[in-house]
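**Q** Below: one structure in structure tokens.
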Amino acid sequence: MKKYKELQNNKFLIIQSIKGPWTYEISILAYMWTTFFGVGQAIKLDEHVVFGLVYDSVSEKIQKVFRIGYNGFIAGLVTIAFVPCTTSMLSKQGITGVLELPYKWVFAPFLLMFIDIIIRCAYNVIKEFMPQKKEEVN
């Protein structure tokens, strides 16, 4: 128990000894990470921005073609962009100003967002080709 209290005190002293606006830097990092993970969650729930004027007015078969098209298009573009973004991010040598975190760790959620988008969009394309169960109306 004594070692745990010493560890807690040391963590507090480290944070307290950091000079400068560390709270501002943490808030910026938290905002970026929330945005990146929020994009993945929006795609998971299929609640991203859509322009349904044309989509809602066409038949179910055409809607299926639209879903396959936009999920395939997004997965393709993000897959193409993944390699250059990964190369660029892993070559970063900088650190943040106050907390001195490496940029590789700061922007890691961006790559996770890319991976999440690719997997979910590919799954949505595959799901469109699987037989759908008819829902019963009560």
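As shown in the structure tokens, the chain order sets the letters A, B, ...; within each chain, residues go from 1, and ligands are also counted from 1 in the order they appear.
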Give me, as an mmCIF file with N, CA and C atoms, in the first residue's frame, all polymer residues having an atom no more than 8 Å from Thr79 (chain A), counting only C-alpha atoms and skipping those fewer than 4 positions away in the same chain.
**A**
data_model
loop_
_atom_site.group_PDB
_atom_site.id
_atom_site.type_symbol
_atom_site.label_atom_id
_atom_site.label_comp_id
_atom_site.auth_asym_id
_atom_site.auth_seq_id
_atom_site.Cartn_x
_atom_site.Cartn_y
_atom_site.Cartn_z
ATOM 1 N N ALA A 75 -14.378 2.598 -49.054
ATOM 2 C CA ALA A 75 -13.357 1.617 -48.671
ATOM 3 C C ALA A 75 -12.158 1.695 -49.617
ATOM 4 N N VAL A 83 -1.739 3.709 -46.983
ATOM 5 C CA VAL A 83 -0.282 3.512 -47.044
ATOM 6 C C VAL A 83 0.476 4.843 -46.960
ATOM 7 N N PHE A 114 -8.927 4.860 -39.858
ATOM 8 C CA PHE A 114 -8.828 4.360 -41.241
ATOM 9 C C PHE A 114 -9.109 2.856 -41.305
ATOM 10 N N ILE A 118 -12.273 1.037 -43.278
ATOM 11 C CA ILE A 118 -12.059 0.016 -44.314
ATOM 12 C C ILE A 118 -12.823 -1.262 -43.970
#
**Q** So which bits of region 28-64 of chain A end up helix (DSSP H, G or I) when you DSSP the backbone, as a ChimeraX atom specification?
**A** /A:28-45,52-55,60-64
**Q** Would you mind listing what lies within 6 Å of region 119-125 of chain A as a PyMOL selection string, with only C-alpha atoms counted and same-chain residues fewer than 2 positions away left out?
**A** chain A and resi 68+71+75+116-117+127-128
**Q** Ranking A:Phe110, A:Tyr103, A:Tyr70, A:Tyr55 by minimum distance to Gly40 (chain A) and counting only C-alpha atoms, which one comes first?
**A** A:Phe110
**Q** With only C-alpha atoms as the basis for distance, which of A:Ile26, A:Ile126, A:Leu111, A:Met32 is at the shortest distance from Val78 (chain A)?
**A**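 Closest to Val78 (chain A) of all the choices is A:Leu111.
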**Q** Calculated over only C-alpha atoms, which of the candidates A:Ala108, A:Leu53, A:Val58, A:Ile115 has the smallest distance to Ile80 (chain A)?
**A**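 Of A:Ala108, A:Leu53, A:Val58, A:Ile115, the one nearest Ile80 (chain A), counting only C-alpha atoms, is A:Ile115.
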**Q** Just to confirm, what's the straight-line distance from CA of Arg67 (chain A) to CA of Met113 (chain A) in Å (one decimal)?
**A**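 If I compute the distance from CA of Arg67 (chain A) to CA of Met113 (chain A), I get 20.4 Å.
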**Q** Do you have the CA of Asp46 (chain A)-CA of Phe107 (chain A) distance handy?
**A** 24.3 Å
**Q** What is the distance, in Å and to one decimal place, between CA of Gly97 (chain A) and CA of Tyr31 (chain A)?
**A**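 Here the two named atoms are 16.7 Å from each other.
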**Q** Considering only C-alpha atoms, can you say which of A:Phe66, A:Val106, A:Leu99, A:Leu112 comes closest to Thr23 (chain A)?
**A**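 Smallest separation from Thr23 (chain A) among the options: A:Leu99.
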**Q** Which one is closest to Ile43 (chain A): A:Trp105, A:Glu100, A:Ile74, A:Tyr24? Count only C-alpha atoms.
**A**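 Between A:Trp105, A:Glu100, A:Ile74, A:Tyr24, the residue approaching Ile43 (chain A) most closely is A:Ile74.
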**Q** May I ask which of the residues A:Lys64, A:Thr86, A:Thr35, A:Ala42 is the closest one to Gln132 (chain A), counting only C-alpha atoms?
**A**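 Of all the options, A:Lys64 lies closest to Gln132 (chain A).
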